[in-house]
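Novice: Contents of start_0.cif (mmCIF, C-alpha atoms) are below:
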```
data_coords
#
loop_
_atom_site.label_atom_id
_atom_site.label_comp_id
_atom_site.auth_asym_id
_atom_site.auth_seq_id
_atom_site.Cartn_x
_atom_site.Cartn_y
_atom_site.Cartn_z
CA THR A 1201 30.49 13.34 2.40
CA GLY A 1202 29.37 9.78 2.91
CA GLY A 1203 26.39 8.56 4.80
CA PHE A 1204 22.67 8.45 4.26
CA ARG A 1205 20.77 11.71 4.33
CA ALA A 1206 17.06 11.13 4.42
CA ALA A 1207 14.40 13.26 2.81
CA ILE A 1208 11.15 12.79 4.69
CA GLY A 1209 7.65 13.52 3.48
CA MET A 1210 4.57 13.17 5.64
CA ILE A 1211 0.94 14.11 6.00
CA GLU A 1212 -1.66 13.72 8.71
CA MET A 1213 -5.21 13.94 7.36
CA ASP A 1214 -8.56 13.94 9.13
CA LEU A 1215 -10.37 10.83 7.92
CA ALA A 1216 -13.89 12.27 8.10
CA SER A 1217 -13.30 15.63 6.42
CA GLY A 1218 -10.12 15.10 4.41
CA ARG A 1219 -8.63 18.20 6.03
CA THR A 1220 -4.84 18.30 6.29
CA LEU A 1221 -3.77 18.48 9.94
CA THR A 1222 0.00 18.51 9.48
CA ALA A 1223 2.21 18.13 6.43
CA TRP A 1224 5.85 18.24 5.42
CA ARG A 1225 7.01 17.89 1.81
CA ALA A 1226 3.61 16.30 1.20
CA ASP A 1227 3.61 17.12 -2.53
CA GLU A 1228 7.04 15.67 -3.32
CA ARG A 1229 7.40 12.28 -4.98
CA PHE A 1230 8.57 9.35 -2.89
CA PRO A 1231 8.81 5.62 -3.70
CA MET A 1232 5.72 3.63 -2.69
CA MET A 1233 7.48 0.33 -2.06
CA SER A 1234 5.13 -2.18 -0.42
CA THR A 1235 2.61 0.46 0.64
CA PHE A 1236 1.21 0.08 -2.89
CA LYS A 1237 -0.28 -3.26 -1.83
CA VAL A 1238 -3.12 -1.50 -0.02
CA VAL A 1239 -4.07 0.38 -3.20
CA LEU A 1240 -3.69 -2.85 -5.18
CA CYS A 1241 -6.14 -4.69 -2.96
CA GLY A 1242 -8.46 -1.70 -3.19
CA ALA A 1243 -8.42 -2.13 -6.98
CA VAL A 1244 -9.13 -5.85 -6.57
CA LEU A 1245 -12.08 -5.09 -4.28
CA ALA A 1246 -13.43 -2.59 -6.82
CA ARG A 1247 -13.47 -5.43 -9.35
CA VAL A 1248 -15.27 -7.62 -6.81
CA ASP A 1249 -17.87 -4.89 -6.29
CA ALA A 1250 -18.34 -4.62 -10.07
CA GLY A 1251 -18.91 -8.37 -10.40
CA ASP A 1252 -15.66 -8.88 -12.34
CA GLU A 1253 -13.83 -10.75 -9.57
CA GLN A 1254 -14.56 -13.01 -6.60
CA LEU A 1255 -12.53 -13.18 -3.39
CA GLU A 1256 -13.24 -16.93 -3.37
CA ARG A 1257 -11.72 -17.52 -6.83
CA LYS A 1258 -8.72 -19.84 -6.63
CA ILE A 1259 -5.54 -18.86 -8.43
CA HIS A 1260 -2.96 -21.53 -9.18
CA TYR A 1261 0.67 -20.66 -9.80
CA ARG A 1262 4.07 -22.30 -10.29
CA GLN A 1263 7.48 -22.19 -8.68
CA GLN A 1264 8.73 -19.82 -11.37
CA ASP A 1265 6.02 -17.33 -10.39
CA LEU A 1266 7.58 -16.88 -6.94
CA VAL A 1267 9.87 -13.94 -6.18
CA ASP A 1268 11.91 -13.02 -3.11
CA TYR A 1269 10.00 -12.80 0.15
CA SER A 1270 6.85 -14.85 -0.36
CA PRO A 1271 6.32 -16.39 3.11
CA VAL A 1272 2.70 -17.37 2.50
CA SER A 1273 2.44 -18.07 -1.22
CA GLU A 1274 5.51 -20.33 -1.25
CA LYS A 1275 3.62 -22.74 1.00
CA HIS A 1276 0.67 -23.11 -1.37
CA LEU A 1277 2.25 -24.17 -4.66
CA ALA A 1278 0.30 -27.42 -4.55
CA ASP A 1279 -3.16 -26.06 -3.75
CA GLY A 1280 -3.09 -22.42 -4.89
CA MET A 1281 -4.67 -19.49 -3.05
CA THR A 1282 -7.91 -17.57 -3.37
CA VAL A 1283 -7.95 -13.92 -4.37
CA GLY A 1284 -8.95 -13.03 -0.81
CA GLU A 1285 -6.12 -15.10 0.64
CA LEU A 1286 -3.66 -13.41 -1.71
CA CYS A 1287 -4.84 -9.96 -0.58
CA ALA A 1288 -4.48 -10.98 3.05
CA ALA A 1289 -0.97 -12.30 2.37
CA ALA A 1290 0.03 -9.17 0.43
CA ILE A 1291 -1.10 -6.75 3.14
CA THR A 1292 -0.63 -8.63 6.41
CA MET A 1293 2.65 -10.37 5.50
CA SER A 1294 3.79 -8.18 2.57
CA ASP A 1295 4.03 -11.30 0.39
CA ASN A 1296 5.58 -10.19 -2.91
CA SER A 1297 4.43 -13.08 -5.08
CA ALA A 1298 0.88 -12.63 -3.82
CA ALA A 1299 1.10 -8.99 -4.89
CA ASN A 1300 2.30 -9.93 -8.38
CA LEU A 1301 -0.46 -12.51 -8.81
CA LEU A 1302 -3.03 -9.89 -7.81
CA LEU A 1303 -1.39 -7.26 -10.00
CA ALA A 1304 -1.91 -9.54 -13.00
CA THR A 1305 -5.66 -9.61 -12.30
CA VAL A 1306 -5.98 -5.82 -12.55
CA GLY A 1307 -3.94 -5.42 -15.74
CA GLY A 1308 -0.45 -5.11 -14.31
CA PRO A 1309 1.20 -1.85 -13.23
CA ALA A 1310 -0.49 0.06 -16.07
CA GLY A 1311 -3.88 -1.32 -15.03
CA LEU A 1312 -3.37 -0.27 -11.42
CA THR A 1313 -2.27 3.19 -12.53
CA ALA A 1314 -5.40 3.44 -14.70
CA PHE A 1315 -7.52 2.53 -11.66
CA LEU A 1316 -5.85 5.33 -9.71
CA ARG A 1317 -6.67 7.80 -12.48
CA GLN A 1318 -10.28 6.61 -12.47
CA ILE A 1319 -10.65 7.43 -8.77
CA GLY A 1320 -9.08 10.86 -9.19
CA ASP A 1321 -5.44 10.23 -8.27
CA ASN A 1322 -3.45 11.82 -11.09
CA VAL A 1323 -0.10 11.54 -9.31
CA THR A 1324 0.47 8.02 -7.99
CA ARG A 1325 1.96 5.64 -10.56
CA LEU A 1326 3.08 2.03 -10.62
CA ASP A 1327 5.48 1.05 -13.38
CA ARG A 1328 7.07 -2.23 -12.33
CA TRP A 1329 6.35 -5.48 -10.53
CA GLU A 1330 7.73 -6.91 -7.32
CA THR A 1331 10.53 -6.79 -6.48
CA GLU A 1332 11.94 -4.25 -8.97
CA LEU A 1333 9.50 -1.56 -7.84
CA ASN A 1334 11.45 -1.22 -4.57
CA GLU A 1335 14.57 0.11 -6.32
CA ALA A 1336 13.99 3.68 -5.05
CA LEU A 1337 16.55 5.24 -7.36
CA PRO A 1338 17.15 8.94 -6.65
CA GLY A 1339 15.45 11.05 -9.29
CA ASP A 1340 13.30 8.18 -10.59
CA ALA A 1341 9.57 8.95 -10.82
CA ARG A 1342 8.65 5.31 -11.43
CA ASP A 1343 6.58 3.59 -8.75
CA THR A 1344 6.10 6.79 -6.76
CA THR A 1345 3.40 8.75 -5.00
CA THR A 1346 3.25 11.86 -2.84
CA PRO A 1347 2.17 11.71 0.80
CA ALA A 1348 -0.80 13.95 -0.04
CA SER A 1349 -1.92 11.81 -2.97
CA MET A 1350 -1.55 8.55 -1.09
CA ALA A 1351 -3.52 9.86 1.87
CA ALA A 1352 -6.31 11.17 -0.36
CA THR A 1353 -6.49 7.87 -2.24
CA LEU A 1354 -6.63 5.86 0.97
CA ARG A 1355 -9.42 8.10 2.20
CA LYS A 1356 -11.36 7.57 -1.03
CA LEU A 1357 -10.98 3.80 -0.79
CA LEU A 1358 -12.06 3.68 2.85
CA THR A 1359 -14.80 6.32 3.05
CA SER A 1360 -16.21 7.22 -0.37
CA GLN A 1361 -18.52 5.36 -2.72
CA ARG A 1362 -15.55 4.01 -4.67
CA LEU A 1363 -15.87 0.75 -2.73
CA SER A 1364 -18.91 -0.88 -1.19
CA ALA A 1365 -19.23 -0.71 2.59
CA ARG A 1366 -18.38 -4.40 2.74
CA SER A 1367 -15.22 -3.92 0.69
CA GLN A 1368 -14.21 -0.91 2.78
CA ARG A 1369 -14.49 -3.00 5.93
CA GLN A 1370 -12.49 -5.81 4.33
CA LEU A 1371 -9.66 -3.52 3.21
CA LEU A 1372 -9.48 -1.92 6.64
CA GLN A 1373 -9.46 -5.31 8.35
CA TRP A 1374 -6.52 -6.50 6.28
CA MET A 1375 -4.62 -3.38 7.42
CA VAL A 1376 -5.64 -3.99 11.04
CA ASP A 1377 -4.25 -7.52 10.72
CA ASP A 1378 -0.84 -6.32 9.46
CA ARG A 1379 1.74 -8.58 11.11
CA VAL A 1380 5.00 -7.11 9.85
CA ALA A 1381 4.73 -3.49 11.03
CA GLY A 1382 5.51 -3.95 14.72
CA PRO A 1383 8.80 -2.01 14.93
CA LEU A 1384 7.28 1.19 13.53
CA ILE A 1385 4.23 3.10 14.77
CA ARG A 1386 2.60 0.12 16.47
CA SER A 1387 5.44 -0.20 18.96
CA VAL A 1388 4.98 3.32 20.34
CA LEU A 1389 1.20 3.75 20.27
CA PRO A 1390 -0.50 4.68 23.55
CA ALA A 1391 -2.85 2.10 25.03
CA GLY A 1392 -6.32 2.12 23.54
CA TRP A 1393 -5.31 3.60 20.18
CA PHE A 1394 -6.60 2.18 16.91
CA ILE A 1395 -4.12 1.35 14.16
CA ALA A 1396 -4.39 -0.18 10.73
CA ASP A 1397 -1.30 0.07 8.58
CA LYS A 1398 0.99 -1.10 5.80
CA THR A 1399 4.72 -0.57 5.69
CA GLY A 1400 7.24 -0.54 2.87
CA ALA A 1401 10.99 -0.89 2.60
CA GLY A 1402 13.15 -0.25 -0.44
CA GLU A 1403 16.75 0.00 -1.48
CA ARG A 1404 19.04 2.85 -0.34
CA GLY A 1405 17.33 3.04 3.04
CA ALA A 1406 13.92 4.03 1.71
CA ARG A 1407 11.05 3.32 4.13
CA GLY A 1408 7.38 4.13 4.23
CA ILE A 1409 4.22 3.59 6.22
CA VAL A 1410 0.56 4.35 5.60
CA ALA A 1411 -1.70 4.11 8.62
CA LEU A 1412 -5.08 4.89 10.08
CA LEU A 1413 -4.84 6.02 13.68
CA GLY A 1414 -6.99 7.32 16.48
CA PRO A 1415 -7.60 7.27 20.23
CA ASN A 1416 -10.44 5.33 21.86
CA ASN A 1417 -9.93 2.54 19.31
CA LYS A 1418 -11.40 4.64 16.50
CA ALA A 1419 -9.86 5.46 13.13
CA GLU A 1420 -9.79 9.26 13.05
CA ARG A 1421 -6.84 10.20 10.89
CA ILE A 1422 -4.68 8.97 8.06
CA VAL A 1423 -0.91 9.25 8.42
CA VAL A 1424 1.54 8.74 5.55
CA ILE A 1425 5.29 8.93 6.21
CA ILE A 1426 7.89 8.13 3.55
CA CYS A 1427 11.64 8.67 3.54
CA ARG A 1428 14.20 8.31 0.77
CA ASP A 1429 17.78 9.19 -0.06
CA LYS A 1430 18.11 12.99 0.01
CA ASN A 1431 20.97 13.23 -2.45
CA ARG A 1432 18.61 13.86 -5.36
CA GLY A 1433 14.95 14.63 -5.47
CA VAL A 1434 12.44 12.75 -7.56
CA ALA A 1435 11.30 14.81 -10.52
#
```
Any chance you could give the structure as structure tokens?
Specialist:
Amino acid sequence: TGGFRAAIGMIEMDLASGRTLTAWRADERFPMMSTFKVVLCGAVLARVDAGDEQLERKIHYRQQDLVDYSPVSEKHLADGMTVGELCAAAITMSDNSAANLLLATVGGPAGLTAFLRQIGDNVTRLDRWETELNEALPGDARDTTTPASMAATLRKLLTSQRLSARSQRQLLQWMVDDRVAGPLIRSVLPAGWFIADKTGAGERGARGIVALLGPNNKAERIVVIICRDKNRGVA
């Protein structure tokens, strides 16, 4: 029996209350892929709020620091990029080298996972760097989340006291400015709807999207949809 059989997990959560509106396999593990970049930039902004980082700080890097798909960072080998520019590149263009440079500032995958634990997410985990984290091997718990955990973490980053109001607005704006998500939810939204999102794509047909949506140009709900190969679950 050849062919790809997708397992899909999703959740729709009310942004204001955190109430689950709809859910399907929302507590199963799925690969995060590039959706992790939103959480990563949330961790960076938490360091900014704490006085341990500055969005204006310039980071210089070398050719050997670049990995596949780095459309923004590959153009700035000579002059470097600021932390804020790297976050914008990671979220709006899904720049993988930008993500790795930022990941280094928060202590690598283990540091990002520790940040998640600090804000009450005991499920989501990052184990590898770009681009290995997109492997999406069936049965592999590395670099995974659950739709429910991802939605709750996004809500914490965007509405709770975990980030300053300024940092919340910045994180949301980067998601609003996402320029590589057109073929997914954005292409079928009714006129006048708000959307801020981040997509992910992995091996074996894995895909994911995290989004804030709402009519009348207001963010009212969080939607997380992730699919992976159905042949084996993730433990």
Novice: Translate the PyMOL selection byres ((chain A and resi 1302) around 10), as applied to the file shown, into an explicit residue set as JSON, numbers by chain.
Specialist: {"A": [1237, 1240, 1241, 1243, 1244, 1259, 1283, 1284, 1286, 1287, 1290, 1296, 1297, 1298, 1299, 1300, 1301, 1303, 1304, 1305, 1306, 1307, 1308]}
Novice: On this structure, which residues satisfy the PyMOL selection byres ((chain A and resi 1360-1377) around 10), written as a PDB file with C-alpha atoms, keeping the file's coordinate frame?
Specialist:
```
ATOM      1  CA  VAL A1238      -3.120  -1.500  -0.020  1.00  0.00           C
ATOM      2  CA  VAL A1239      -4.070   0.380  -3.200  1.00  0.00           C
ATOM      3  CA  CYS A1241      -6.140  -4.690  -2.960  1.00  0.00           C
ATOM      4  CA  GLY A1242      -8.460  -1.700  -3.190  1.00  0.00           C
ATOM      5  CA  ALA A1243      -8.420  -2.130  -6.980  1.00  0.00           C
ATOM      6  CA  VAL A1244      -9.130  -5.850  -6.570  1.00  0.00           C
ATOM      7  CA  LEU A1245     -12.080  -5.090  -4.280  1.00  0.00           C
ATOM      8  CA  ALA A1246     -13.430  -2.590  -6.820  1.00  0.00           C
ATOM      9  CA  ARG A1247     -13.470  -5.430  -9.350  1.00  0.00           C
ATOM     10  CA  VAL A1248     -15.270  -7.620  -6.810  1.00  0.00           C
ATOM     11  CA  ASP A1249     -17.870  -4.890  -6.290  1.00  0.00           C
ATOM     12  CA  ALA A1250     -18.340  -4.620 -10.070  1.00  0.00           C
ATOM     13  CA  GLY A1284      -8.950 -13.030  -0.810  1.00  0.00           C
ATOM     14  CA  CYS A1287      -4.840  -9.960  -0.580  1.00  0.00           C
ATOM     15  CA  ALA A1288      -4.480 -10.980   3.050  1.00  0.00           C
ATOM     16  CA  ALA A1289      -0.970 -12.300   2.370  1.00  0.00           C
ATOM     17  CA  ALA A1290       0.030  -9.170   0.430  1.00  0.00           C
ATOM     18  CA  ILE A1291      -1.100  -6.750   3.140  1.00  0.00           C
ATOM     19  CA  THR A1292      -0.630  -8.630   6.410  1.00  0.00           C
ATOM     20  CA  MET A1293       2.650 -10.370   5.500  1.00  0.00           C
ATOM     21  CA  GLN A1318     -10.280   6.610 -12.470  1.00  0.00           C
ATOM     22  CA  ILE A1319     -10.650   7.430  -8.770  1.00  0.00           C
ATOM     23  CA  THR A1353      -6.490   7.870  -2.240  1.00  0.00           C
ATOM     24  CA  LEU A1354      -6.630   5.860   0.970  1.00  0.00           C
ATOM     25  CA  ARG A1355      -9.420   8.100   2.200  1.00  0.00           C
ATOM     26  CA  LYS A1356     -11.360   7.570  -1.030  1.00  0.00           C
ATOM     27  CA  LEU A1357     -10.980   3.800  -0.790  1.00  0.00           C
ATOM     28  CA  LEU A1358     -12.060   3.680   2.850  1.00  0.00           C
ATOM     29  CA  THR A1359     -14.800   6.320   3.050  1.00  0.00           C
ATOM     30  CA  ASP A1378      -0.840  -6.320   9.460  1.00  0.00           C
ATOM     31  CA  ARG A1379       1.740  -8.580  11.110  1.00  0.00           C
ATOM     32  CA  VAL A1380       5.000  -7.110   9.850  1.00  0.00           C
ATOM     33  CA  ALA A1381       4.730  -3.490  11.030  1.00  0.00           C
ATOM     34  CA  PHE A1394      -6.600   2.180  16.910  1.00  0.00           C
ATOM     35  CA  ILE A1395      -4.120   1.350  14.160  1.00  0.00           C
ATOM     36  CA  ALA A1396      -4.390  -0.180  10.730  1.00  0.00           C
ATOM     37  CA  ASP A1397      -1.300   0.070   8.580  1.00  0.00           C
ATOM     38  CA  LYS A1398       0.990  -1.100   5.800  1.00  0.00           C
ATOM     39  CA  THR A1399       4.720  -0.570   5.690  1.00  0.00           C
ATOM     40  CA  VAL A1410       0.560   4.350   5.600  1.00  0.00           C
ATOM     41  CA  ALA A1411      -1.700   4.110   8.620  1.00  0.00           C
ATOM     42  CA  LEU A1412      -5.080   4.890  10.080  1.00  0.00           C
ATOM     43  CA  ALA A1419      -9.860   5.460  13.130  1.00  0.00           C
TER      44      ALA A1419
END
```
Novice: Can you measure CA of Leu1215 in chain A to CA of Thr1313 in chain A for me? One decimal in Å is fine.
Specialist: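 These atoms are spaced 23.3 Å apart.
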Novice: Which of these residues is nearest to Met1232 in chain A, using all atoms listed in the file: A:Gly1408, A:Gly1414, A:Gly1218, A:Gly1209?
Specialist: A:Gly1408
Novice: Using only C-alpha atoms for the distances, tell me which of A:Asp1295, A:Trp1224, A:Arg1407, A:Met1233 is nearest to Tyr1269 in chain A.
Specialist: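 Answer, going by the shortest atom-to-atom distance: A:Asp1295.
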Novice: Starting from the shown file, work through the PyMOL selection byres ((chain A and resi 1210) around 9) and note down what comes out as a CSV table (one decimal) with C-alpha atoms, keeping the file's coordinate frame.
Specialist:
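Generated file (part.csv):
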```
chain,number,residue,atom,x,y,z
A,1208,ILE,CA,11.2,12.8,4.7
A,1209,GLY,CA,7.6,13.5,3.5
A,1211,ILE,CA,0.9,14.1,6.0
A,1212,GLU,CA,-1.7,13.7,8.7
A,1222,THR,CA,0.0,18.5,9.5
A,1223,ALA,CA,2.2,18.1,6.4
A,1224,TRP,CA,5.8,18.2,5.4
A,1225,ARG,CA,7.0,17.9,1.8
A,1226,ALA,CA,3.6,16.3,1.2
A,1346,THR,CA,3.2,11.9,-2.8
A,1347,PRO,CA,2.2,11.7,0.8
A,1348,ALA,CA,-0.8,14.0,0.0
A,1423,VAL,CA,-0.9,9.2,8.4
A,1424,VAL,CA,1.5,8.7,5.6
A,1425,ILE,CA,5.3,8.9,6.2
A,1426,ILE,CA,7.9,8.1,3.6
A,1427,CYS,CA,11.6,8.7,3.5
```
Novice: Quick one: residues within 7 Å of Asp1429 in chain A, all atoms listed in the file, excluding same-chain residues fewer than 3 positions away - as a count of residues only?
Specialist: 8
Novice: Please compute the CA of Thr1235 in chain A-CA of Val1267 in chain A distance, one decimal, in Å.
Specialist: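 Rounded to one decimal, the two atoms are 17.5 Å apart.
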Novice: Using CA of Asp1279 in chain A and CA of Gly1251 in chain A as the two end points, give the distance in Å to one decimal.
Specialist: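 About the pair CA of Asp1279 in chain A and CA of Gly1251 in chain A: they are 24.6 Å apart.
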Novice: In terms of the shortest atom-to-atom distance over all atoms listed in the file, which of A:Glu1332, A:Leu1266, A:Gly1382, A:Phe1236 is closest to Leu1316 in chain A?
Specialist: A:Phe1236
Novice: Which residue, A:Ile1422, A:Ile1385, A:Leu1326, A:Ala1310, has the smallest gap to Thr1345 in chain A when you use only C-alpha atoms?
Specialist: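 With only C-alpha atoms as the atom set, the closest residue is A:Leu1326.
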Novice: Under the rule that all atoms listed in the file are counted, which of A:Leu1333, A:Val1323, A:Ala1341, A:Met1350 is the nearest residue to Ser1234 in chain A?
Specialist: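 Between A:Leu1333, A:Val1323, A:Ala1341, A:Met1350, the residue approaching Ser1234 in chain A most closely is A:Leu1333.
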Novice: Within 10 Å of Glu1285 in chain A, counting all atoms listed in the file, which residues qualify if same-chain residues fewer than 6 places away don't, as a list in words?
Specialist: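 Neighbouring residues, sequence-local ones excluded: Leu1255, Glu1256, Arg1257, Lys1258, Ile1259, Val1272, Ser1273 and Ala1298 of chain A.
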Novice: Looking at only C-alpha atoms, which of A:Lys1430, A:Ser1217, A:Ala1352, A:Val1388 is the one that sits closest to Gly1339 in chain A?
Specialist: A:Lys1430
